[in-house]
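Report on the structure given below.
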Amino acid sequence: MKNRPSYKLLGVRVDALSIPELNGLIEESIEQGKKWIIANHNLHSLYLFHKDLEMQAFYAKAEYIHIDSMPIVFIGKLLGFPMKREQRVTYADWVWPLMEEAASKGWRIFYLGSKPGVAEQGASVLRQKFPGLQIACSHGYFDTSEESEENLTVIKAINDYKPHVLMVGMGMPRQEHWISQNLERIQPNAILTSGACLDYVAGAIPTPPRWMGRMGLEWLYRLLSEPTRLWRRYLLEPWFLGTLFLREIWSLSSQSK
């Protein structure tokens with residue numbers, strides 16, 4: 001495993017990685033025949049991490065954890081870390097270069113998530129844009145109990161397809177819990193926690209303007225688009241994270257005395 005910038009902030013580890021570097025990691029996992037979890041952190045996952053032991057166990061298994069939040073980049077900069085804007089990678093931006101690379105290099109992609117029909121609709125868009133792309137899908141609305149018939153059927157479908165890249169887009173923390181519970185039974189190379197990635201591609205969820213992502217305002221667009229579902233995440237959880245940030249500043253201040 002090559003050395004790449006890794007930082008500890010707000011009680012978690014993150015790796016400062018750009019899109020080309022993430023694509024390079026996937027290629028590395030395939031070439032070496034490794035099984036790597038490439039997870040991500042945003043403000044919501046930071047909150048869940050500190051409240052959910054299963055989330056902590058999941059992140060402990062991840063080889064790399066990229067940054068999916070401009071506020072985390074801003075916080076990192078305030079703490080003195082040399083983070084850059086291009087090291088904030090969200091799937092709304094990454095999915096296109098990832099699929100282009102997959103099509104050109106013959107990587108097989110399996111996407112697990114979204115409502116029935118939505119993922120296949122998104123996959124169809126991607127196949128049209130990237131001819132030769134190998135992508136299979138299975139919706140995320142199934143009984144995720146480890147020994148349930150539906151779960152075993154999903155695992156068989158994944159293993160029969162032999163994907164190089166498994167994208168699990170079932171929302172936090174469900175997708176992380178599922179990966180943790182089934183990690184030993186699935187055999188892809190790179191495992192990505194991709195949230196509503198294909199929902200955006202399919203147009204089932206509106207994609208925030210990319211300038212809002214670069215400015216760290218994507219959360220506002222999403223809150224206005226889905227206020228009932230997201231108000232707690234964006235209006236309450238940041239207060240808890242704010243206390244973590246103040247503790248970290250206090251700790252750094254005490255150490256410098």
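Labels used: A, B, ... for chains in the order of the structure tokens, numbers from 1 for residues in each chain, and numbers from 1 for ligands as shown.
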query: What lies within 9 Å of Val89 of chain A using only C-alpha atoms, ignoring chain neighbours under 5 positions off, as a PyMOL selection string?
result: chain A and resi 17-19+40+66-70+94
Hey, can you spit out that residue selection with C-alpha atoms as a PDB file, in the first residue's frame?
```pdb
ATOM      1  CA  LEU A  17      -7.263  11.913  -2.412  1.00  0.00           C
ATOM      2  CA  SER A  18      -8.244  13.367  -5.781  1.00  0.00           C
ATOM      3  CA  ILE A  19     -10.318  11.618  -8.461  1.00  0.00           C
ATOM      4  CA  ASN A  40     -15.686   8.229   2.466  1.00  0.00           C
ATOM      5  CA  HIS A  66     -11.678   9.871   0.977  1.00  0.00           C
ATOM      6  CA  ILE A  67     -13.288  13.215   1.778  1.00  0.00           C
ATOM      7  CA  ASP A  68     -16.835  13.815   0.492  1.00  0.00           C
ATOM      8  CA  SER A  69     -17.495  17.189   2.114  1.00  0.00           C
ATOM      9  CA  MET A  70     -16.122  20.681   1.532  1.00  0.00           C
ATOM     10  CA  TRP A  94     -16.516  11.045  -9.591  1.00  0.00           C
TER      11      TRP A  94
END
```
Test item: residues at most 10 Å from Gly203 of chain A, only C-alpha atoms, excluding those fewer than 5 positions along its chain, as a PDB file with all heavy atoms, in the first residue's frame:
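Full text of part37.pdb as output:
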```pdb
ATOM      1  N   VAL A 118     -34.560   2.084 -10.724  1.00  0.00           N
ATOM      2  CA  VAL A 118     -33.811   3.342 -10.795  1.00  0.00           C
ATOM      3  C   VAL A 118     -32.345   3.089 -11.151  1.00  0.00           C
ATOM      4  O   VAL A 118     -31.774   3.770 -12.014  1.00  0.00           O
ATOM      5  CB  VAL A 118     -33.926   4.126  -9.470  1.00  0.00           C
ATOM      6  CG1 VAL A 118     -32.997   5.337  -9.481  1.00  0.00           C
ATOM      7  CG2 VAL A 118     -35.361   4.573  -9.235  1.00  0.00           C
ATOM      8  N   GLN A 121     -31.948   2.218 -14.718  1.00  0.00           N
ATOM      9  CA  GLN A 121     -32.135   3.413 -15.540  1.00  0.00           C
ATOM     10  C   GLN A 121     -30.837   4.235 -15.580  1.00  0.00           C
ATOM     11  O   GLN A 121     -30.410   4.699 -16.640  1.00  0.00           O
ATOM     12  CB  GLN A 121     -33.280   4.260 -14.963  1.00  0.00           C
ATOM     13  CG  GLN A 121     -33.664   5.460 -15.821  1.00  0.00           C
ATOM     14  CD  GLN A 121     -34.813   6.250 -15.202  1.00  0.00           C
ATOM     15  OE1 GLN A 121     -35.490   5.772 -14.290  1.00  0.00           O
ATOM     16  NE2 GLN A 121     -35.029   7.454 -15.695  1.00  0.00           N
ATOM     17  N   GLY A 122     -30.211   4.383 -14.408  1.00  0.00           N
ATOM     18  CA  GLY A 122     -28.934   5.092 -14.344  1.00  0.00           C
ATOM     19  C   GLY A 122     -27.848   4.358 -15.107  1.00  0.00           C
ATOM     20  O   GLY A 122     -27.035   4.965 -15.818  1.00  0.00           O
ATOM     21  N   VAL A 125     -28.073   4.992 -18.786  1.00  0.00           N
ATOM     22  CA  VAL A 125     -27.488   6.291 -19.144  1.00  0.00           C
ATOM     23  C   VAL A 125     -25.969   6.164 -19.284  1.00  0.00           C
ATOM     24  O   VAL A 125     -25.363   6.680 -20.235  1.00  0.00           O
ATOM     25  CB  VAL A 125     -27.843   7.357 -18.080  1.00  0.00           C
ATOM     26  CG1 VAL A 125     -27.057   8.645 -18.307  1.00  0.00           C
ATOM     27  CG2 VAL A 125     -29.336   7.636 -18.063  1.00  0.00           C
ATOM     28  N   LEU A 198     -26.347   6.421  -8.475  1.00  0.00           N
ATOM     29  CA  LEU A 198     -27.103   6.192  -9.698  1.00  0.00           C
ATOM     30  C   LEU A 198     -28.460   6.878  -9.685  1.00  0.00           C
ATOM     31  O   LEU A 198     -29.065   7.079 -10.741  1.00  0.00           O
ATOM     32  CB  LEU A 198     -27.252   4.693  -9.965  1.00  0.00           C
ATOM     33  CG  LEU A 198     -25.991   3.985 -10.486  1.00  0.00           C
ATOM     34  CD1 LEU A 198     -26.355   2.672 -11.180  1.00  0.00           C
ATOM     35  CD2 LEU A 198     -25.175   4.844 -11.422  1.00  0.00           C
TER      36      LEU A 198
END
```
query: Skipping near chain neighbours, those fewer than 2 positions away, what residues fall within 12 Å of Gly106 of chain A using only C-alpha atoms, listed as a PyMOL selection string?
result: chain A and resi 27+30+98-104+108-109+130-135+163-165
Keeping only C-alpha atoms, write those residues as a JSON list (two decimals), in the first residue's frame.
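So the final result, stored in selection_31.json, reads:
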```
[["chain", "number", "residue", "atom", "x", "y", "z"],
["A", 27, "GLU", "CA", -6.55, -0.05, -10.62],
["A", 30, "ILE", "CA", -7.37, -4.99, -9.37],
["A", 98, "LEU", "CA", -14.81, 6.40, -12.86],
["A", 99, "MET", "CA", -17.10, 4.92, -15.51],
["A", 100, "GLU", "CA", -14.94, 6.26, -18.33],
["A", 101, "GLU", "CA", -11.93, 4.51, -16.79],
["A", 102, "ALA", "CA", -13.94, 1.33, -16.22],
["A", 103, "ALA", "CA", -15.08, 1.26, -19.85],
["A", 104, "SER", "CA", -11.58, 1.86, -21.21],
["A", 108, "ARG", "CA", -16.78, -4.89, -14.38],
["A", 109, "ILE", "CA", -19.00, -2.75, -12.14],
["A", 130, "PHE", "CA", -19.52, 5.02, -22.24],
["A", 131, "PRO", "CA", -19.90, 2.29, -24.89],
["A", 132, "GLY", "CA", -18.51, -1.04, -23.75],
["A", 133, "LEU", "CA", -19.09, -0.31, -20.06],
["A", 134, "GLN", "CA", -19.82, -3.52, -18.16],
["A", 135, "ILE", "CA", -22.24, -2.70, -15.35],
["A", 163, "PRO", "CA", -17.09, -7.48, -10.38],
["A", 164, "HIS", "CA", -13.83, -5.60, -10.13],
["A", 165, "VAL", "CA", -15.74, -2.75, -8.45]]
```
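Among the candidates A:Ser194, A:Trp211, A:Arg185, A:Glu176, the one nearest to Asn151 of chain A when counting only C-alpha atoms is A:Arg185.
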- prompt: Using only C-alpha atoms, which residues sit within 10 Å of Asp199 of chain A once same-chain residues fewer than 3 positions away are excluded, as a PyMOL selection string?
  reply: chain A and resi 92+113-115+118-123+169+195-196+202-207
Contacts of Tyr234 of chain A at 12 Å (only C-alpha atoms; same-chain gap of 2+ positions) as an MDAnalysis selection string: chainID A and resid 42:45 47 217:224 226:232 236:241
task: Can you check which residues of segment 92-182 of chain A DSSP gives as strand (DSSP E) on the backbone and send them as an MDAnalysis selection string?
output: chainID A and resid 108:113 134:138 165:169
Write the selection just made, keeping N, CA, C and O atoms, as a short mmCIF file (atom, residue, chain, number, x, y, z; two decimals), in the first residue's frame?
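And here's part39.cif as it stands now:
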```cif
data_model
loop_
_atom_site.label_atom_id
_atom_site.label_comp_id
_atom_site.auth_asym_id
_atom_site.auth_seq_id
_atom_site.Cartn_x
_atom_site.Cartn_y
_atom_site.Cartn_z
N ARG A 108 -15.37 -4.58 -14.59
CA ARG A 108 -16.78 -4.89 -14.38
C ARG A 108 -17.28 -4.18 -13.12
O ARG A 108 -16.65 -4.29 -12.07
N ILE A 109 -18.41 -3.51 -13.24
CA ILE A 109 -19.00 -2.75 -12.14
C ILE A 109 -20.30 -3.42 -11.71
O ILE A 109 -21.12 -3.78 -12.57
N PHE A 110 -20.49 -3.58 -10.42
CA PHE A 110 -21.79 -4.03 -9.90
C PHE A 110 -22.29 -2.95 -8.94
O PHE A 110 -21.59 -2.59 -7.99
N TYR A 111 -23.49 -2.45 -9.21
CA TYR A 111 -24.08 -1.42 -8.34
C TYR A 111 -25.25 -2.02 -7.57
O TYR A 111 -26.20 -2.55 -8.15
N LEU A 112 -25.16 -1.94 -6.24
CA LEU A 112 -26.21 -2.44 -5.35
C LEU A 112 -26.84 -1.25 -4.64
O LEU A 112 -26.19 -0.59 -3.83
N GLY A 113 -28.10 -0.98 -4.96
CA GLY A 113 -28.75 0.14 -4.30
C GLY A 113 -29.87 0.74 -5.14
O GLY A 113 -30.20 0.25 -6.23
N GLN A 134 -19.20 -2.32 -18.73
CA GLN A 134 -19.82 -3.52 -18.16
C GLN A 134 -20.34 -3.17 -16.77
O GLN A 134 -19.56 -2.98 -15.84
N ILE A 135 -21.64 -3.06 -16.64
CA ILE A 135 -22.24 -2.70 -15.35
C ILE A 135 -23.52 -3.49 -15.13
O ILE A 135 -24.37 -3.58 -16.03
N ALA A 136 -23.64 -4.11 -13.96
CA ALA A 136 -24.85 -4.84 -13.57
C ALA A 136 -25.40 -4.19 -12.30
O ALA A 136 -24.67 -3.53 -11.56
N CYS A 137 -26.69 -4.39 -12.05
CA CYS A 137 -27.34 -3.72 -10.92
C CYS A 137 -28.26 -4.67 -10.16
O CYS A 137 -28.76 -5.65 -10.71
N SER A 138 -28.48 -4.32 -8.91
CA SER A 138 -29.50 -4.97 -8.10
C SER A 138 -30.02 -3.91 -7.14
O SER A 138 -29.22 -3.17 -6.55
N VAL A 165 -15.31 -3.86 -9.33
CA VAL A 165 -15.74 -2.75 -8.45
C VAL A 165 -17.19 -3.00 -8.02
O VAL A 165 -18.07 -3.18 -8.85
N LEU A 166 -17.40 -3.02 -6.70
CA LEU A 166 -18.74 -3.12 -6.14
C LEU A 166 -19.10 -1.78 -5.52
O LEU A 166 -18.42 -1.30 -4.61
N MET A 167 -20.16 -1.16 -6.04
CA MET A 167 -20.64 0.11 -5.50
C MET A 167 -21.91 -0.18 -4.70
O MET A 167 -22.87 -0.73 -5.25
N VAL A 168 -21.89 0.17 -3.42
CA VAL A 168 -23.05 -0.08 -2.56
C VAL A 168 -23.69 1.27 -2.23
O VAL A 168 -23.10 2.08 -1.51
N GLY A 169 -24.88 1.48 -2.77
CA GLY A 169 -25.54 2.77 -2.61
C GLY A 169 -26.87 2.64 -1.91
O GLY A 169 -27.93 2.79 -2.53
#
```
message: I need the helix (DSSP H, G or I) residues of segment 7-80 of chain A per DSSP on the backbone, written as number ranges by chain.
response: A: 19-32, 43-51, 53-61, 70-78
- request: Work out how far apart atom CA of Glu63 of chain A and atom CA of Lys8 of chain A are and give it in Å to one decimal.
  value: 14.6 Å
- line: From atom CA of Gly33 of chain A to atom CA of Thr144 of chain A the spacing works out at 27.1 Å
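Nearest-residue note for Gly11 of chain A: choosing from A:His50, A:Arg210, A:Arg88, A:Lys162, the minimum distance belongs to A:His50, counting only C-alpha atoms.
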- request: Could you jot down the atom CA of Leu192 of chain A to atom CA of Ala39 of chain A separation for me, Å, one decimal place?
  value: 5.9 Å
Who sits within 10 Å of Ala60 of chain A, only C-alpha atoms, same chain under 6 positions skipped, as number ranges by chain: A: 12-13, 54
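The closest residue to Glu184 of chain A, picked from A:Leu53, A:Ile155, A:Leu78, A:Leu25 and counting only C-alpha atoms, is A:Ile155.
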